[in-house]
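Student: Below are the structure tokens for one structure; questions will follow.
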Amino acid sequence: MIKTRLPRLLHSVSLAALGTVLLAGNPGAGAAAQAVPQSVGEIRIGFLSQTPEPPPSVANPDEPAADDGLAGAALAIADNNTTGKFLKQSFVLDSVEVPPDGDAAAALRELAGRGDRFVIVDAPGATVEALSKLPEARNLLLLNATAPDDALRGGACAPNLVHVAPSRAMLADALGQYLVKKRWPRWFLVTGRRPEDRLYADAVRRAAKRFGAQIVAEKEWTAESDVNRTAESEIPVFTQTKSYDVLVVADEVGEFGDYLSYRTADPRPVAGTQGLVPTVWHRTHEQWGAAQLQSRFKTSAKRPMTARDHNDWTAVRVVGEAAARARTADPDRLIAFIQSPDFTMSAFRGAPLSLRPWDGQLRQPVLLAADRSLVSVSPQEGFLHPRTELDSLGYDQPETLCKTRGKTTP
Amino acid sequence: MTAARLTGIPLAALIAVSATALLAPAALAQTIYVSNEKDNTLSVIDGKTMAVTDTIKVGKRPRGITLSRDGTQLFICASDDHTVQVFDLASKSVVHNLPSGEDPEQFALSPDGKSLIIANEDSNIVTVVDVPTRKVAFQVDVGVEPEGMDVSPDGRWGVNTSETTSMVHWIDMEKRVVVDNTLVGPRPRYAQFTKDGSQLWVSSEIGGTVSVIDTATRQVRQVVDFRIKGVAKDRIQPVGVKLTDDGRYAFVALGPANHVAVVDARTFEVKDYLLVGRRVWQLALTPDQKTLYTTNGVSGDVSVIDVDSLKVTKTVKVGRYPWGVAVKG
């Protein structure tokens, strides 16, 4: 997909204006939005999104929708407002789309200027990190909705930054627990050529070590040819290696991973970024009331909810749930409450979500999904933890590399 | 002469009836109805033999079920058919549908049996249906994902819990409006008034608690917490609640914790946890209050609990994902 560079758009989304925002790309709607004076009980949430340009030549049968992510945030604003009407609270979303090479800092300043103390950042990790270090961000709460980088939760952590999306380590641990439970402990790790693929592979290696699995073989995918045409001949040769149980693939942009299944030299399942995938959301998920969120989303967005939509939905709901629980619209009190041990919320995955004080990561179960079926939900039974089994996923308190956040145990 | 014969016959019949009633244990006449959410069926269990005597096809995704006040009909929420079916127990057939609004999940019948108040999960609405005329009487807006429903014994309050909003909405049944809202723990699933109407008990699935609300002030007066040795705190997810008429016990189904909690309804202390089937969901007491039935969704069965001894006495296999349960006494 080649995305045309849109001029930076600024939309105000409220329950009434939902129709406008879903037509993202209509600059008229943005131009009409003027700064609104803060009324009592009004909570303004900024939404800053930046979608990296996808690599060329990938045959992608599922082109993401133009409102991928934003539609989740818009639904959460509607949900917050339904609850808010009983508490005299109203929620407004200010949305800014930054082009891949655009000025995210200027966009954040604009949102801060409108009085948004909460800013959902749906952008690559580098953008999230740069924004969190801006002086203008100091008294904001940035909610990292999608970037999975463990470094953001470690050395680059910040007191004004919380992470709604699970980290790569959490995703890899969720998958690793399941593979070990299945007694498939010998993994063949195939890594793509991009830096983020190497980070995903690092997380897989860490999971293997933690749960007693073994990386019996490793290869890097460097083929320059059009895999779409050469897969049938290339992949059987590429996958000839030592005996293994599962091929674990690290290919975040989807350059070749989808071509591995059914073409490996040995008949083995594929898991990781393709095949059996750890994710926050999947269209087949219906437990714990998820069927209701799926159907509510489908009604409003006219398509199934993606993981990106769900991350943005959760980020906006964090603010809404805190406002209802703390019974306040005061941003300072809400920012403190969200990061306190009293904050929990439901997100249709069985266990309550809450924040890890040591790195600002939202604790959460992770789904394991195949194309048309939900296979399992991690943490798996038997992976125990003295605090909550959810802390068996990702970096636990004793391992954290974050130094700028509180160390208090929840 | 004619008069004597006429009075004589009913008299004899009356004696015969009383004799039967005296000889037979109360359980003889009990029939248990269970809705199987993923089979689109109703399982019928004989209360004496504890055997499934019939499996009857009903509407799509049957969840909440409740008996009519005269005990001749069963109301069934057929969620995916967007209707409430009225099922005649004698003929074992659906006699008609009630307009329910979209995606009905749970409902409650008013004490006079005339109004059915229904949670419409997908549209954030509660629909009140006038049962005799089969017409929608009124609808009110509530929070996100309305779920638990009850009507106070005096018929004044209709209550609804909304799962994502985490509130109890108090509907004044006469004025037909929501007049108050009580915030409870995350994801409230089920609401039940005490027999005297002074308290409302509400379970919170994700909060892992039960809130006891004072009806007069509509404030939470007590929060009941649960702890089971060897079960992670976040797996304790309260769903169905049943209170005994004598005010002695509250039974709370704890979902994936696979236990029913026995709460002293006077002191709010948890007395015991009874191990039942997997993902225990809803509960029903027999009219004589001697037996409690639980639906266990994942294991696809019903556990039978003896209330006097607080022991699980039997497990009865039913269909896939048993959800609602009702007992005809």
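FYI, nothing fancy with the structure tokens labels: chains A, B, ... in order, residues from 1 per chain, ligands from 1 as they appear.
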I want to know what sits within 9 Å of A:Thr127, based on only C-alpha atoms, with residues of the same chain fewer than 4 positions away left out; could you give that as a PyMOL selection string?

Tutor: chain A and resi 50+104-105+121+123+131-132

Student: Using only C-alpha atoms and a distance of at most 8 Å, pull out the residues of chain B that contact chain A, as an MDAnalysis selection string.

Tutor: chainID B and resid 121:122 142:145 164:165 181 183 186:187 206:207 232:235

Student: Got a sec to tell me which of stretch 81-241 of chain B DSSP assigns to strand (DSSP E), as a ChimeraX atom specification?

Tutor: /B:83-88,93-99,104-109,115-120,125-130,135-141,146-151,157-162,167-172,177-183,188-193,199-204,209-214,219-225,241

Student: Mind dumping the selected residues with C-alpha atoms as a PDB file, in the first residue's frame?

Tutor:
```
ATOM      1  CA  THR B  83     -36.390 -12.066  20.884  1.00  0.00           C
ATOM      2  CA  VAL B  84     -37.795 -13.424  24.135  1.00  0.00           C
ATOM      3  CA  GLN B  85     -39.590 -16.700  23.503  1.00  0.00           C
ATOM      4  CA  VAL B  86     -42.586 -17.711  25.588  1.00  0.00           C
ATOM      5  CA  PHE B  87     -42.382 -21.457  26.064  1.00  0.00           C
ATOM      6  CA  ASP B  88     -45.416 -23.437  27.233  1.00  0.00           C
ATOM      7  CA  SER B  93     -43.515 -25.635  22.540  1.00  0.00           C
ATOM      8  CA  VAL B  94     -42.868 -21.968  21.897  1.00  0.00           C
ATOM      9  CA  VAL B  95     -46.283 -20.300  21.861  1.00  0.00           C
ATOM     10  CA  HIS B  96     -45.164 -16.828  20.834  1.00  0.00           C
ATOM     11  CA  ASN B  97     -42.321 -14.320  20.914  1.00  0.00           C
ATOM     12  CA  LEU B  98     -42.151 -11.072  22.846  1.00  0.00           C
ATOM     13  CA  PRO B  99     -40.575  -7.942  21.361  1.00  0.00           C
ATOM     14  CA  PRO B 104     -31.459  -9.707  24.934  1.00  0.00           C
ATOM     15  CA  GLU B 105     -29.295 -11.419  27.551  1.00  0.00           C
ATOM     16  CA  GLN B 106     -30.935 -11.258  30.954  1.00  0.00           C
ATOM     17  CA  PHE B 107     -34.314 -10.169  32.201  1.00  0.00           C
ATOM     18  CA  ALA B 108     -36.462 -10.006  35.292  1.00  0.00           C
ATOM     19  CA  LEU B 109     -40.191 -10.382  35.818  1.00  0.00           C
ATOM     20  CA  SER B 115     -43.766  -6.590  33.109  1.00  0.00           C
ATOM     21  CA  LEU B 116     -40.630  -8.201  31.805  1.00  0.00           C
ATOM     22  CA  ILE B 117     -37.599  -5.912  31.957  1.00  0.00           C
ATOM     23  CA  ILE B 118     -34.880  -6.905  29.512  1.00  0.00           C
ATOM     24  CA  ALA B 119     -31.211  -5.923  29.079  1.00  0.00           C
ATOM     25  CA  ASN B 120     -30.317  -5.215  25.434  1.00  0.00           C
ATOM     26  CA  ILE B 125     -30.928   0.054  26.427  1.00  0.00           C
ATOM     27  CA  VAL B 126     -33.345  -1.608  28.845  1.00  0.00           C
ATOM     28  CA  THR B 127     -36.635  -2.650  27.269  1.00  0.00           C
ATOM     29  CA  VAL B 128     -39.753  -3.096  29.406  1.00  0.00           C
ATOM     30  CA  VAL B 129     -42.354  -5.376  27.832  1.00  0.00           C
ATOM     31  CA  ASP B 130     -45.985  -5.557  28.899  1.00  0.00           C
ATOM     32  CA  LYS B 135     -45.986  -4.844  23.512  1.00  0.00           C
ATOM     33  CA  VAL B 136     -42.985  -2.706  24.433  1.00  0.00           C
ATOM     34  CA  ALA B 137     -44.163  -0.480  27.283  1.00  0.00           C
ATOM     35  CA  PHE B 138     -41.047   1.712  27.334  1.00  0.00           C
ATOM     36  CA  GLN B 139     -37.277   1.777  26.869  1.00  0.00           C
ATOM     37  CA  VAL B 140     -34.619   3.614  28.865  1.00  0.00           C
ATOM     38  CA  ASP B 141     -30.984   4.429  28.091  1.00  0.00           C
ATOM     39  CA  PRO B 146     -26.479  -3.731  30.150  1.00  0.00           C
ATOM     40  CA  GLU B 147     -26.562  -7.158  31.789  1.00  0.00           C
ATOM     41  CA  GLY B 148     -27.951  -7.958  35.262  1.00  0.00           C
ATOM     42  CA  MET B 149     -31.636  -7.234  35.915  1.00  0.00           C
ATOM     43  CA  ASP B 150     -34.045  -7.407  38.845  1.00  0.00           C
ATOM     44  CA  VAL B 151     -37.269  -5.820  40.059  1.00  0.00           C
ATOM     45  CA  TRP B 157     -37.548  -0.323  41.243  1.00  0.00           C
ATOM     46  CA  GLY B 158     -36.275  -1.968  38.141  1.00  0.00           C
ATOM     47  CA  VAL B 159     -32.509  -2.299  38.347  1.00  0.00           C
ATOM     48  CA  ASN B 160     -29.961  -2.919  35.626  1.00  0.00           C
ATOM     49  CA  THR B 161     -26.196  -3.365  35.817  1.00  0.00           C
ATOM     50  CA  SER B 162     -24.017  -2.218  32.903  1.00  0.00           C
ATOM     51  CA  MET B 167     -22.973   0.832  37.476  1.00  0.00           C
ATOM     52  CA  VAL B 168     -26.360  -0.140  38.815  1.00  0.00           C
ATOM     53  CA  HIS B 169     -29.034   1.967  37.122  1.00  0.00           C
ATOM     54  CA  TRP B 170     -32.187   2.484  39.195  1.00  0.00           C
ATOM     55  CA  ILE B 171     -35.292   2.674  37.023  1.00  0.00           C
ATOM     56  CA  ASP B 172     -38.403   4.150  38.632  1.00  0.00           C
ATOM     57  CA  VAL B 177     -36.912   6.917  33.991  1.00  0.00           C
ATOM     58  CA  VAL B 178     -33.476   6.216  35.457  1.00  0.00           C
ATOM     59  CA  VAL B 179     -33.401   8.238  38.676  1.00  0.00           C
ATOM     60  CA  ASP B 180     -30.109   7.131  40.236  1.00  0.00           C
ATOM     61  CA  ASN B 181     -26.865   5.266  39.485  1.00  0.00           C
ATOM     62  CA  THR B 182     -24.620   3.392  41.887  1.00  0.00           C
ATOM     63  CA  LEU B 183     -20.997   2.722  40.935  1.00  0.00           C
ATOM     64  CA  PRO B 188     -21.214  -6.095  37.209  1.00  0.00           C
ATOM     65  CA  ARG B 189     -23.008  -9.230  36.010  1.00  0.00           C
ATOM     66  CA  TYR B 190     -25.969 -10.039  38.195  1.00  0.00           C
ATOM     67  CA  ALA B 191     -28.334  -8.257  40.599  1.00  0.00           C
ATOM     68  CA  GLN B 192     -30.736  -9.657  43.169  1.00  0.00           C
ATOM     69  CA  PHE B 193     -32.910  -7.962  45.785  1.00  0.00           C
ATOM     70  CA  GLN B 199     -30.824  -4.696  49.961  1.00  0.00           C
ATOM     71  CA  LEU B 200     -29.618  -5.283  46.431  1.00  0.00           C
ATOM     72  CA  TRP B 201     -26.734  -7.736  45.921  1.00  0.00           C
ATOM     73  CA  VAL B 202     -24.618  -7.162  42.802  1.00  0.00           C
ATOM     74  CA  SER B 203     -21.720  -9.321  41.573  1.00  0.00           C
ATOM     75  CA  SER B 204     -18.682  -7.772  39.823  1.00  0.00           C
ATOM     76  CA  THR B 209     -16.446  -8.806  44.562  1.00  0.00           C
ATOM     77  CA  VAL B 210     -20.129  -8.642  45.481  1.00  0.00           C
ATOM     78  CA  SER B 211     -21.536  -5.242  46.488  1.00  0.00           C
ATOM     79  CA  VAL B 212     -24.447  -5.103  48.916  1.00  0.00           C
ATOM     80  CA  ILE B 213     -26.416  -1.922  48.283  1.00  0.00           C
ATOM     81  CA  ASP B 214     -28.889  -0.337  50.677  1.00  0.00           C
ATOM     82  CA  GLN B 219     -25.317   3.447  48.502  1.00  0.00           C
ATOM     83  CA  VAL B 220     -22.968   0.457  48.758  1.00  0.00           C
ATOM     84  CA  ARG B 221     -22.980  -0.616  52.419  1.00  0.00           C
ATOM     85  CA  GLN B 222     -20.788  -3.711  52.169  1.00  0.00           C
ATOM     86  CA  VAL B 223     -18.346  -5.257  49.721  1.00  0.00           C
ATOM     87  CA  VAL B 224     -17.833  -9.019  49.951  1.00  0.00           C
ATOM     88  CA  ASP B 225     -14.400 -10.266  48.855  1.00  0.00           C
ATOM     89  CA  VAL B 241     -26.064 -14.702  42.967  1.00  0.00           C
TER      90      VAL B 241
END
```

Student: Quick one: pull the distance between atom CA of A:His285 and atom CA of B:Gly101, Å, one decimal.

Tutor: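 Taking atom CA of A:His285 and atom CA of B:Gly101, their separation equals 24.5 Å.
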
Student: For A:Thr239, please output as an MDAnalysis selection string all residues within 12 Å (counting only C-alpha atoms; exclusion window: fewer than 5 positions along the same chain).

Tutor: chainID A and resid 188:190 217:221 231:234 244 246:249 259:268 270

Student: Could you turn the residues from that selection into a file that holds N, CA and C atoms, as a tab-separated table (two decimals), in the first residue's frame?

Tutor:
```tsv
chain	number	residue	atom	x	y	z
A	188	PHE	N	13.05	-23.52	15.80
A	188	PHE	CA	13.89	-23.07	14.69
A	188	PHE	C	13.52	-21.60	14.46
A	189	LEU	N	14.43	-20.69	14.77
A	189	LEU	CA	14.15	-19.26	14.73
A	189	LEU	C	14.58	-18.66	13.39
A	190	VAL	N	13.62	-18.09	12.67
A	190	VAL	CA	13.90	-17.45	11.39
A	190	VAL	C	13.63	-15.95	11.53
A	217	ALA	N	18.07	-24.13	16.02
A	217	ALA	CA	18.65	-23.63	14.76
A	217	ALA	C	18.17	-22.21	14.55
A	218	GLU	N	18.99	-21.41	13.84
A	218	GLU	CA	18.62	-20.02	13.55
A	218	GLU	C	19.04	-19.69	12.14
A	219	LYS	N	18.19	-18.96	11.42
A	219	LYS	CA	18.58	-18.48	10.09
A	219	LYS	C	18.02	-17.07	9.88
A	220	GLU	N	18.70	-16.32	9.05
A	220	GLU	CA	18.20	-14.99	8.70
A	220	GLU	C	17.68	-15.02	7.27
A	221	TRP	N	16.52	-14.44	7.07
A	221	TRP	CA	15.93	-14.39	5.74
A	221	TRP	C	16.49	-13.17	5.02
A	231	ALA	N	8.68	-18.83	-3.56
A	231	ALA	CA	8.54	-19.51	-2.27
A	231	ALA	C	8.59	-21.03	-2.39
A	232	GLU	N	7.90	-21.56	-3.38
A	232	GLU	CA	7.77	-23.01	-3.46
A	232	GLU	C	9.12	-23.70	-3.66
A	233	SER	N	10.03	-23.03	-4.36
A	233	SER	CA	11.35	-23.63	-4.54
A	233	SER	C	12.32	-23.20	-3.44
A	234	GLU	N	12.22	-21.95	-2.98
A	234	GLU	CA	13.21	-21.43	-2.05
A	234	GLU	C	13.02	-21.92	-0.61
A	244	TYR	N	13.61	-30.04	14.60
A	244	TYR	CA	12.99	-29.04	15.49
A	244	TYR	C	11.48	-29.32	15.60
A	246	VAL	N	8.98	-26.52	16.23
A	246	VAL	CA	8.19	-25.39	15.71
A	246	VAL	C	9.14	-24.40	15.04
A	247	LEU	N	8.70	-23.86	13.91
A	247	LEU	CA	9.44	-22.77	13.29
A	247	LEU	C	8.89	-21.47	13.88
A	248	VAL	N	9.74	-20.69	14.55
A	248	VAL	CA	9.31	-19.40	15.10
A	248	VAL	C	9.86	-18.31	14.19
A	249	VAL	N	8.97	-17.48	13.65
A	249	VAL	CA	9.38	-16.48	12.67
A	249	VAL	C	9.28	-15.07	13.26
A	259	TYR	N	4.64	-16.99	3.89
A	259	TYR	CA	4.95	-17.98	2.86
A	259	TYR	C	5.60	-19.25	3.43
A	260	LEU	N	5.86	-19.26	4.74
A	260	LEU	CA	6.57	-20.40	5.33
A	260	LEU	C	5.66	-21.63	5.51
A	261	SER	N	4.44	-21.40	6.00
A	261	SER	CA	3.55	-22.54	6.28
A	261	SER	C	3.32	-23.37	5.03
A	262	TYR	N	3.33	-24.66	5.21
A	262	TYR	CA	3.09	-25.67	4.14
A	262	TYR	C	4.25	-25.80	3.15
A	263	ARG	N	5.32	-25.01	3.36
A	263	ARG	CA	6.42	-25.09	2.41
A	263	ARG	C	7.73	-25.53	3.07
A	264	THR	N	7.72	-25.69	4.42
A	264	THR	CA	8.94	-26.08	5.12
A	264	THR	C	9.38	-27.48	4.68
A	265	ALA	N	10.68	-27.76	4.81
A	265	ALA	CA	11.19	-29.07	4.42
A	265	ALA	C	10.54	-30.17	5.27
A	266	ASP	N	10.49	-29.94	6.58
A	266	ASP	CA	9.81	-30.88	7.47
A	266	ASP	C	8.40	-30.36	7.74
A	267	PRO	N	7.44	-31.28	8.01
A	267	PRO	CA	6.08	-30.80	8.30
A	267	PRO	C	6.00	-30.24	9.71
A	268	ARG	N	6.19	-28.95	9.87
A	268	ARG	CA	6.20	-28.33	11.20
A	268	ARG	C	5.32	-27.08	11.22
A	270	VAL	N	4.16	-23.21	12.11
A	270	VAL	CA	4.84	-21.90	12.12
A	270	VAL	C	4.14	-21.03	13.16
```

Student: Could you give me, as an mmCIF file with N, CA and C atoms, in the first residue's frame, the residues within 8 Å of A:Lys403, counting only C-alpha atoms and dropping anything in the same chain fewer than 5 positions from it?

Tutor:
```
data_model
loop_
_atom_site.group_PDB
_atom_site.id
_atom_site.type_symbol
_atom_site.label_atom_id
_atom_site.label_comp_id
_atom_site.auth_asym_id
_atom_site.auth_seq_id
_atom_site.Cartn_x
_atom_site.Cartn_y
_atom_site.Cartn_z
ATOM 1 N N GLY A 154 12.272 -0.051 29.334
ATOM 2 C CA GLY A 154 13.517 -0.254 30.075
ATOM 3 C C GLY A 154 14.290 1.049 30.199
ATOM 4 N N GLY A 155 15.468 1.088 29.563
ATOM 5 C CA GLY A 155 16.335 2.249 29.674
ATOM 6 C C GLY A 155 15.695 3.565 29.260
ATOM 7 N N CYS A 157 12.546 4.418 29.597
ATOM 8 C CA CYS A 157 11.249 4.633 30.260
ATOM 9 C C CYS A 157 11.163 6.064 30.772
#
```

Student: Hey, which of B:Ile236, B:Pro132, B:Arg227, B:Gly300 ends up closest to B:Lys271? Count only C-alpha atoms.

Tutor: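 Closest residue, counting only C-alpha atoms: B:Arg227.
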
Student: Do you have the atom CA of A:Asp342-atom CA of A:Ala73 distance handy?

Tutor: 23.8 Å

Student: Could you tell me how far atom CA of B:Glu174 lies from atom CA of B:Asp112, in Å and to one decimal?

Tutor: 13.8 Å

Student: Determine, counting only C-alpha atoms, which protein, DNA and RNA residues have an atom within 12 Å of an atom of B:Asp70; residues of the same chain fewer than 2 positions away are not included. Present the result as an NGL selection string.

Tutor: :B and (66-68 or 72-74 or 88-89 or 109 or 111-114 or 328-329)

Student: Would you put the residues from that selection into a file with C-alpha atoms, as a PDB file, in the first residue's frame?

Tutor:
```pdb
ATOM      1  CA  THR B  66     -37.351 -17.408  34.008  1.00  0.00           C
ATOM      2  CA  LEU B  67     -40.729 -18.923  34.905  1.00  0.00           C
ATOM      3  CA  SER B  68     -44.000 -17.047  34.621  1.00  0.00           C
ATOM      4  CA  THR B  72     -46.996 -22.606  33.295  1.00  0.00           C
ATOM      5  CA  GLN B  73     -44.623 -20.783  30.973  1.00  0.00           C
ATOM      6  CA  LEU B  74     -40.911 -20.213  30.648  1.00  0.00           C
ATOM      7  CA  ASP B  88     -45.416 -23.437  27.233  1.00  0.00           C
ATOM      8  CA  LEU B  89     -44.267 -26.124  29.663  1.00  0.00           C
ATOM      9  CA  LEU B 109     -40.191 -10.382  35.818  1.00  0.00           C
ATOM     10  CA  PRO B 111     -43.748  -9.267  41.088  1.00  0.00           C
ATOM     11  CA  ASP B 112     -47.186  -9.044  39.453  1.00  0.00           C
ATOM     12  CA  GLY B 113     -45.847 -11.011  36.493  1.00  0.00           C
ATOM     13  CA  LYS B 114     -46.991  -8.374  34.029  1.00  0.00           C
ATOM     14  CA  LYS B 328     -40.545 -25.426  38.674  1.00  0.00           C
ATOM     15  CA  GLY B 329     -41.576 -26.598  42.156  1.00  0.00           C
TER      16      GLY B 329
END
```

Student: Can you work out which one of A:Pro64, A:Gly41, A:Gly382, A:Pro54 has the shortest atom-to-atom distance to A:Pro304, counting only C-alpha atoms?

Tutor: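 Looking at the shortest contact to A:Pro304, the residue is A:Pro64.
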
Student: Residues near B:Thr291, anyone? I mean within 7 Å using only C-alpha atoms, not counting same-chain ones fewer than 5 positions away, as a list in words.

Tutor: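 Here the answer would be Leu285, Thr286, Val304, Ile305, Asp306 and Val307 of chain B.
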
Student: Would you please work out which residue, of A:Gln397, A:Thr51, A:Ser225, A:Gln177, is nearest to A:Ala213 when using only C-alpha atoms?

Tutor: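 Closest candidate: A:Gln177.
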
Student: Show which residues sit within 9 Å of B:Ser79, as a list of chain:residue names. Count only C-alpha atoms, and ignore same-chain residues fewer than 3 positions away.

Tutor: B:Gly59, B:Lys60, B:Arg61, B:Pro62, B:Arg63, B:Gly64, B:Ile76, B:His82, B:Thr83, B:Val84, B:Glu102, B:Asp103, B:Pro104, B:Glu105

Student: Store the residues picked out above in a file with C-alpha atoms, as a PDB file, in the first residue's frame.

Tutor:
```pdb
ATOM      1  CA  GLY B  59     -34.231 -20.132  19.591  1.00  0.00           C
ATOM      2  CA  LYS B  60     -30.615 -19.154  18.852  1.00  0.00           C
ATOM      3  CA  ARG B  61     -28.189 -18.647  21.762  1.00  0.00           C
ATOM      4  CA  PRO B  62     -30.613 -19.111  24.674  1.00  0.00           C
ATOM      5  CA  ARG B  63     -29.272 -17.455  27.843  1.00  0.00           C
ATOM      6  CA  GLY B  64     -31.477 -16.003  30.624  1.00  0.00           C
ATOM      7  CA  ILE B  76     -36.313 -17.593  27.220  1.00  0.00           C
ATOM      8  CA  HIS B  82     -33.253 -10.879  19.152  1.00  0.00           C
ATOM      9  CA  THR B  83     -36.390 -12.066  20.884  1.00  0.00           C
ATOM     10  CA  VAL B  84     -37.795 -13.424  24.135  1.00  0.00           C
ATOM     11  CA  GLU B 102     -31.721  -6.279  20.189  1.00  0.00           C
ATOM     12  CA  ASP B 103     -29.525  -8.975  21.733  1.00  0.00           C
ATOM     13  CA  PRO B 104     -31.459  -9.707  24.934  1.00  0.00           C
ATOM     14  CA  GLU B 105     -29.295 -11.419  27.551  1.00  0.00           C
TER      15      GLU B 105
END
```
